[in-house]
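Novice: So that we are looking at the same thing, I have put the structure below in structure tokens.
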Amino acid sequence: MMTKHSDLLKSVCLAVLLSGAGPAFAQGTDAVTFGQAVEPQGLDPTVSSPVAAGQVTWQNVFEGLVTIDRDGQIVPQLATAWTISDDGLTYTFTLREGVTFQNDVAFDSSTAKFTIDRIIADESTNGQKANYTAITSVAAPDPGTLVLTLSDRNADLLYWLGYPAAVMVEPSSAQDNGTQPVGTGPFKVDEWRKGDRVIMSAWDGYWGDAPAVRTVTARFIADPQGQAAALQSGQIDIMGDLSAPELFDQFVDNDNFDTVAGAGEMEVVAGMNNAKPPFDDLRVRQALMMAIDRPSLVQAVSAGYGTPIGSHFSPASPFYEDMTALFPYDPEKAKELLSEAGYADGFTFDFKVPNRDYAQRAAEILQAFFSQIGVTANIESSDFPAAWIQDVFKDTNYDMTIIGHAEPLDIGIYARDPYYFNYDNPDFKAQMTTIAAATDETEREAGYRKAQEMLAQDMPALFLYSYPKLGVWKSGLQGVWENGPVPANDMTDIHWMQ
Amino acid sequence: MTQAFKRLRGLAGAVMVLAVTSLLIFVLIDAAPGDPAEIMLGTSAQADTLAALRTELGLDRPLMVRYLGWLAGVFTGDLGQSYTYGVPVAGLIGERMLVTLPLTLMATVLAVAVSLPLGVMAAARPGKAGDGLASLFSQVGIAVPNFWIGLLLILGFALNLTWFPVGGFPGWGDGFWAALWSLVLPAIALAIPQAAVLTRVTRAAVIEVTNEDFIRTARAKGLSRRRALWRHTVPNSLLPVVTMLGLQIPFLISGAVLVENVFSLPGIGTLAYQALSQRDLIVVQNVVLLFAVIVLAVNAGTDALYARLDPRLRARK
């Protein structure tokens with residue numbers, strides 16, 4: 001009796017062991033699995049908040065008229081060429097021929113018109129609509145030509161047409177793109193196991209070069225320890241953006257992995273309520289900035305990965321200018337500025353900090369730095385995103401907060417009215433208009449550099465550091481984006497070394 | 001007749017409790033700060049875009065209209081569409097239950113399988129080595145949070161020994177054993193704190209019954225210590241253990257939220273957590289209601305089990 005039982009037990013254990021030992025992990029020459037922290041709420045980057053959706057489907061499933069490459073440059077995609085009229089108000093695109101959507105509907109100027117009309121429509125639910133509102137009408141004079149007419153010059157429009165929020169969609173399938181995306185890209189979505197993974201496979205009807213891998217799986221792993229464990233055990237091949245910097249070093253020293261601490265687009269800034277004393281006083285803002293030793297902050301908050309910034313651009317941007325020398329760490333000078341402003345004995349304020357690791361850690365370090373110049377910060381944790389968006393972002397019921405701004409080219413937020421900084425600077429607003437009216441790239445770049453300088457001087461927020469894009473992938477894998485000019489997991493150039 | 005009436009009254013009571021619970025859930029969740037549309041579209045969305053999305057989601061309707069609409073849906077099995085995923089909530093919850101149900105069941109079975117023998121062993125010889133061991137286990141098990149146990153298990157059994165996957169769930173479709181195997185470590189992590197509590201309760205219950213007169217009588221009539229323990233003491237000590245097991249179910253569910261997160265399992269816990277932080281209110285409402293139903297069902301089940309374990313309770317009815 002006893003032996004019988006244990007035999008049964010043994011065989012069950014063995015069966016379990018055998019089947020558990022060899023799960024089908026994506027590894028080899030034609031399959032790749034990448035991990036990302038946040039699962040998108042829908043797979044359509046033109047509807048959902050585009051970051052997480054774009055990280056799965058942008059370039060893999062969906063393509064745009066133009067695209068943004070790994071160096072942050074605008075390059076042709078479904079439009080092969082374009083001309084911009086001298087007054088900057090008419091954009092004429094020549095569309096690529098022979099492109100079809102994954103449901104075999106042809107891509108032409110009518111589908112492109114549908115896409116753009118859908119973004120700018122009154123009932124549009126595109127979260128990035130603000131970037132396209134200069135477009136007043138869309139015309140499709142012939143199948144291969146698309147004409148956009150603008151109300152005002154907008155030098156950034158081409159960039160935003162390359163952004164995930166403006167990928168080309170097709171009328172009959174657009175409604176269901178959130179769950180069953182249909183794009184023109186090299187991969188199509190086979191299955192979405194919600195809460196776990198999206199499985200994509202190479203699509204044979206793709207207009208361009210076939211990708212080197214046939215199967216791409218996106219795994220969603222929120223827990224940083226889980227991401228590291230999944231890499232080490234081979235469950236995932238790539239983590240383009242490891243969530244916890246302190247877990248990165250173990251991969252740097254490991255020959256089985258390649259690592260790059262690249263530049264991301266996220267700027268971590270301590271926003272202040274510029275309408276509220278004492279933050280309405282420039283001297284106070286500058287004093288607070290000079291109280292902070294940014295390199296030490298980066299060391300303490302993100303294990304030394306990340307770059308101190310002095311204005312609202314990150315090194316990932318082609319227009320980046322290093323402004324950190326303007327207000328360096330100098331507590332004595334900071335105290336002088338404070339007494340000049342009438343706060344010789346310091347002051348006390350509420351520091352509303354979203355419940356994100358980097359923000360909470362940074363807030364504690366800032367609190368210590370501020371205390372050195374006699375300023376007391378009372379840290380109050382705020383549930384992110386829900387409570388924070390309501391309390392800080394919408395109601396601007398705060399003194400100081402801290403948050404990462406992840407969108408590229410978003411320096412214009414300081415010209416927005418209303419916006420949570422309550423920063424009202426007519427000169428800066430005028431500068432944004434100047435940039436929009438730029439007639440060429442040199443002018444546009446000069447405009448953005450000037451804007452960075454203005455903010456660095458006026459300090460509507462304390463500019464802290466740019467968040468690193470910590471990429472880890474199996475050695476032998478090539479083609480992973482090192483920097484993140486756009487949050488993406490572009491798998492189209494990924495291949496395994498033979 | 002009276003029996004049927006009592007059952008009916010119990011059922012009506014449960015429905016009343018659920019109705020009140022559902023209203024509370026709905027009002028409280030609605031009052032929580034955070035606008036689903038704003039969270040979905042991100043901070044660059046314009047006011048008119050937000051308004052368009054609110055209309056699309058039906059969030060522009062009055063609170064009571066939305067509540068009654070939801071309630072009517074629940075009775076017809078239509079739990080609504082997830083704001084964020086854009087798919088029916090019923091399907092979403094169904095998929096996730098296929099992970100959480102086996103996980104919590106496995107954890108409960110494990111917890112009972114460990115704690116009953118351990119508790120009885122401890123009570124049989126109080127103050128001896130076995131008792132010390134059980135007490136150590138229950139102290140550590142109660143003190144250490146389950147997600148940390150989970151991390152240790154991953155480190156030891158998944159990364160170093162590579163016996164188990166480090167996390168994730170392959171899905172039942174890709175082979176039953178592989179799927180079950182991926183639930184073993186999370187189930188252990190979930191079971192240990194439960195087992196710790198149950199061990200304590202079992203020990204106390206067994207010791208209490210051991211001091212009862214009828215056990216002394218049984219021993220006086222010549223029953224061996226061992227037979228008295230298993231035939232009379234243990235069966236009569238089960239009542240508080242079952243009570244505690246029933247009370248533990250809500251903790252098991254809340255524990256699942258953390259453990260599923262550590263093991264990145266697509267269960268109901270991760271769904272609830274994600275939906276709450278994204279303010280996918282319709283999903284949160286339904287999940288919380290489901291938890292309420294589960295707790296009520298477990299209570300009813302525990303009551304029924306009482307009657308089986310203790311004939312006096314049946315007679316009193």
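Quick note on naming: the chains in the structure tokens go A, B, ... in the order shown, residues restart at 1 in each chain, and ligands are numbered from 1 in order of appearance.
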Which neighbours of A:Lys474 fall inside 7 Å, counting only C-alpha atoms, when residues of the same chain fewer than 5 positions from it are skipped, and could you give them as a PDB file with N, CA and C atoms, in the first residue's frame?

Specialist:
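Here's the written file around26.pdb:
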```pdb
ATOM      1  N   ASP A 237      14.253  38.119 -23.333  1.00  0.00           N
ATOM      2  CA  ASP A 237      15.560  38.330 -23.938  1.00  0.00           C
ATOM      3  C   ASP A 237      16.016  39.786 -23.802  1.00  0.00           C
ATOM      4  N   ILE A 238      15.046  40.693 -23.759  1.00  0.00           N
ATOM      5  CA  ILE A 238      15.367  42.118 -23.732  1.00  0.00           C
ATOM      6  C   ILE A 238      14.529  42.807 -22.676  1.00  0.00           C
ATOM      7  N   ASN A 256      26.782  37.106 -19.988  1.00  0.00           N
ATOM      8  CA  ASN A 256      25.652  36.613 -20.771  1.00  0.00           C
ATOM      9  C   ASN A 256      24.754  37.729 -21.277  1.00  0.00           C
ATOM     10  N   PHE A 257      25.019  38.941 -20.807  1.00  0.00           N
ATOM     11  CA  PHE A 257      24.144  40.056 -21.178  1.00  0.00           C
ATOM     12  C   PHE A 257      24.936  41.233 -21.735  1.00  0.00           C
ATOM     13  N   ASP A 258      24.317  41.963 -22.623  1.00  0.00           N
ATOM     14  CA  ASP A 258      24.839  43.248 -23.046  1.00  0.00           C
ATOM     15  C   ASP A 258      23.996  44.321 -22.374  1.00  0.00           C
TER      16      ASP A 258
END
```

Novice: Could you pull the residues within 9 Å of A:Gln59, counting only C-alpha atoms, minus those fewer than 2 positions along the same chain, as JSON, numbers by chain?

Specialist: {"A": [54, 56, 57, 61, 62, 63, 64, 67, 164, 167, 184, 185, 186, 187, 488, 489, 490, 491, 492]}

Novice: Would you mind exporting N, CA and C atoms of the selected residues as an mmCIF file, in the first residue's frame?

Specialist:
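Printed below is part-v5.cif as written:
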```cif
data_model
loop_
_atom_site.group_PDB
_atom_site.id
_atom_site.type_symbol
_atom_site.label_atom_id
_atom_site.label_comp_id
_atom_site.auth_asym_id
_atom_site.auth_seq_id
_atom_site.Cartn_x
_atom_site.Cartn_y
_atom_site.Cartn_z
ATOM 1 N N GLY A 54 2.396 52.347 -27.477
ATOM 2 C CA GLY A 54 3.451 52.497 -28.470
ATOM 3 C C GLY A 54 4.612 51.557 -28.217
ATOM 4 N N VAL A 56 4.524 48.637 -27.329
ATOM 5 C CA VAL A 56 4.238 47.309 -27.889
ATOM 6 C C VAL A 56 4.097 47.387 -29.411
ATOM 7 N N THR A 57 3.294 48.323 -29.900
ATOM 8 C CA THR A 57 2.889 48.225 -31.303
ATOM 9 C C THR A 57 3.549 49.218 -32.257
ATOM 10 N N VAL A 61 3.787 47.031 -35.317
ATOM 11 C CA VAL A 61 2.494 46.795 -35.956
ATOM 12 C C VAL A 61 2.044 48.023 -36.750
ATOM 13 N N PHE A 62 2.255 49.183 -36.161
ATOM 14 C CA PHE A 62 1.784 50.425 -36.777
ATOM 15 C C PHE A 62 2.946 51.267 -37.298
ATOM 16 N N GLU A 63 2.703 51.934 -38.412
ATOM 17 C CA GLU A 63 3.701 52.846 -38.964
ATOM 18 C C GLU A 63 3.045 54.192 -39.268
ATOM 19 N N GLY A 64 3.884 55.213 -39.419
ATOM 20 C CA GLY A 64 3.362 56.546 -39.698
ATOM 21 C C GLY A 64 3.771 57.037 -41.068
ATOM 22 N N THR A 67 8.639 58.638 -39.642
ATOM 23 C CA THR A 67 8.912 58.019 -38.350
ATOM 24 C C THR A 67 10.118 58.690 -37.715
ATOM 25 N N PRO A 164 4.052 57.985 -32.179
ATOM 26 C CA PRO A 164 3.071 56.884 -32.139
ATOM 27 C C PRO A 164 1.609 57.336 -32.225
ATOM 28 N N VAL A 167 0.037 57.196 -35.981
ATOM 29 C CA VAL A 167 0.244 56.079 -36.912
ATOM 30 C C VAL A 167 -0.981 55.900 -37.803
ATOM 31 N N THR A 184 0.209 48.653 -40.800
ATOM 32 C CA THR A 184 0.930 48.326 -42.032
ATOM 33 C C THR A 184 2.298 47.743 -41.707
ATOM 34 N N GLY A 185 2.577 47.480 -40.439
ATOM 35 C CA GLY A 185 3.915 47.095 -40.007
ATOM 36 C C GLY A 185 4.263 45.639 -40.273
ATOM 37 N N PRO A 186 5.495 45.252 -39.951
ATOM 38 C CA PRO A 186 5.991 43.909 -40.267
ATOM 39 C C PRO A 186 5.461 42.811 -39.352
ATOM 40 N N PHE A 187 4.863 43.177 -38.210
ATOM 41 C CA PHE A 187 4.326 42.150 -37.318
ATOM 42 C C PHE A 187 2.836 42.376 -37.111
ATOM 43 N N ALA A 488 9.884 53.157 -27.003
ATOM 44 C CA ALA A 488 9.564 52.156 -28.018
ATOM 45 C C ALA A 488 10.321 50.870 -27.764
ATOM 46 N N ASN A 489 9.773 49.779 -28.282
ATOM 47 C CA ASN A 489 10.490 48.519 -28.356
ATOM 48 C C ASN A 489 10.438 48.085 -29.812
ATOM 49 N N ASP A 490 11.209 48.751 -30.650
ATOM 50 C CA ASP A 490 11.202 48.509 -32.092
ATOM 51 C C ASP A 490 11.936 47.193 -32.364
ATOM 52 N N MET A 491 11.189 46.183 -32.811
ATOM 53 C CA MET A 491 11.786 44.865 -33.017
ATOM 54 C C MET A 491 12.113 44.603 -34.485
ATOM 55 N N THR A 492 11.948 45.627 -35.335
ATOM 56 C CA THR A 492 12.074 45.373 -36.766
ATOM 57 C C THR A 492 13.508 45.105 -37.192
#
```

Novice: Do me a favour and pick out the residues of chain B within 6 Å of chain A, using only C-alpha atoms, as a ChimeraX atom specification.

Specialist: /B:33-34,40-42,45,49,52-53,84-85,177-178,181,264,266

Novice: Mind checking which residues fall within 10 Å of stretch 74-82 of chain B, counting only C-alpha atoms, ignoring those fewer than 2 positions away in the same chain, and posting them as number ranges by chain?

Specialist: A: 41; B: 57, 68-72, 84-93, 275, 280-286

Novice: Need the shell around B:Leu133: protein/DNA/RNA residues with any atom at most 9 Å away, counting only C-alpha atoms. Skip same-chain ones fewer than 5 positions apart. Format as a ChimeraX atom specification?

Specialist: /B:118,122,128,138

Novice: Please provide the set of residues having any atom within 7 Å of stretch 333-347 of chain A, restricted to only C-alpha atoms, with same-chain residues fewer than 2 positions apart removed, written as a ChimeraX atom specification.

Specialist: /A:283-284,287-288,290-291,330-331,349,373-376

Novice: Just want the 9 Å neighbourhood of A:Ala263, counted on only C-alpha atoms, with same-chain residues fewer than 3 positions away dropped. Output as a PyMOL selection string.

Specialist: chain A and resi 266+306-307+314-317+466-470+482-485

Novice: Generate the output file for the selected residues, N, CA and C atoms, as a short mmCIF file (atom, residue, chain, number, x, y, z; two decimals), in the first residue's frame.

Specialist:
```
data_model
loop_
_atom_site.label_atom_id
_atom_site.label_comp_id
_atom_site.auth_asym_id
_atom_site.auth_seq_id
_atom_site.Cartn_x
_atom_site.Cartn_y
_atom_site.Cartn_z
N MET A 266 12.86 61.10 -20.43
CA MET A 266 12.15 61.56 -19.23
C MET A 266 13.01 62.49 -18.39
N GLY A 306 21.83 58.08 -14.99
CA GLY A 306 21.02 59.27 -15.21
C GLY A 306 21.95 60.47 -15.30
N THR A 307 21.49 61.53 -15.93
CA THR A 307 22.34 62.70 -16.14
C THR A 307 21.70 63.92 -15.50
N SER A 314 16.43 66.52 -22.23
CA SER A 314 17.34 65.47 -21.81
C SER A 314 18.40 65.27 -22.89
N PRO A 315 19.52 64.63 -22.53
CA PRO A 315 20.58 64.39 -23.51
C PRO A 315 20.10 63.54 -24.70
N ALA A 316 18.93 62.89 -24.59
CA ALA A 316 18.44 62.10 -25.71
C ALA A 316 17.97 62.99 -26.86
N SER A 317 17.73 64.26 -26.56
CA SER A 317 17.23 65.14 -27.59
C SER A 317 18.38 65.69 -28.42
N SER A 466 17.92 63.57 -15.94
CA SER A 466 17.16 62.83 -16.95
C SER A 466 17.26 61.36 -16.59
N TYR A 467 16.11 60.72 -16.65
CA TYR A 467 16.01 59.33 -16.23
C TYR A 467 16.71 58.44 -17.25
N PRO A 468 17.54 57.52 -16.80
CA PRO A 468 18.27 56.71 -17.77
C PRO A 468 17.37 55.66 -18.43
N LYS A 469 17.73 55.29 -19.64
CA LYS A 469 17.07 54.14 -20.27
C LYS A 469 18.05 52.98 -20.12
N LEU A 470 17.78 52.11 -19.15
CA LEU A 470 18.72 51.06 -18.82
C LEU A 470 18.35 49.80 -19.61
N GLU A 482 19.53 51.81 -28.25
CA GLU A 482 20.30 52.12 -27.05
C GLU A 482 19.71 53.31 -26.30
N ASN A 483 19.28 54.31 -27.06
CA ASN A 483 18.64 55.46 -26.43
C ASN A 483 17.14 55.39 -26.69
N GLY A 484 16.43 56.24 -26.02
CA GLY A 484 14.98 56.23 -26.20
C GLY A 484 14.44 57.59 -26.61
N PRO A 485 14.71 58.03 -27.85
CA PRO A 485 14.15 59.32 -28.27
C PRO A 485 12.63 59.28 -28.26
#
```

Novice: Need to verify the contact set: B:Gly269, 9 Å, only C-alpha atoms, exclusion of same-chain residues closer than 3 positions in sequence. Can you return it as a PyMOL selection string?

Specialist: chain B and resi 96+100+253-261+265-266+272-274

Novice: Considering only alpha helix (DSSP H) as DSSP defines it on the backbone, what residues of stretch 145-311 of chain B qualify? List them as an NGL selection string.

Specialist: :B and (146-153 or 176-181 or 184-210 or 213-220 or 225-228 or 234-262 or 268-278 or 281-309 or 311)

Novice: How far is it from atom CA of B:Leu289 to atom CA of B:Val241, in Å with one decimal?

Specialist: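 Taking atom CA of B:Leu289 as the start and atom CA of B:Val241 as the end point, the length is 26.6 Å.
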
Novice: Going by DSSP on the backbone, which residues of stretch 229-389 of chain A come out as strand (DSSP E)? List them as an MDAnalysis selection string.

Specialist: chainID A and resid 238:239 257:271 307:308 348:354 376:382

Novice: Could you jot down the atom CA of B:Asp35 to atom CA of B:Gly58 separation for me, Å, one decimal place?

Specialist: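 About the pair atom CA of B:Asp35 and atom CA of B:Gly58: they are 12.7 Å apart.
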
Novice: Taking only C-alpha atoms into account, which of B:Leu50, B:Tyr67, B:Thr202, B:Arg231 comes nearest B:Asp30?

Specialist: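 Using only C-alpha atoms, B:Asp30 sits closest to B:Tyr67.
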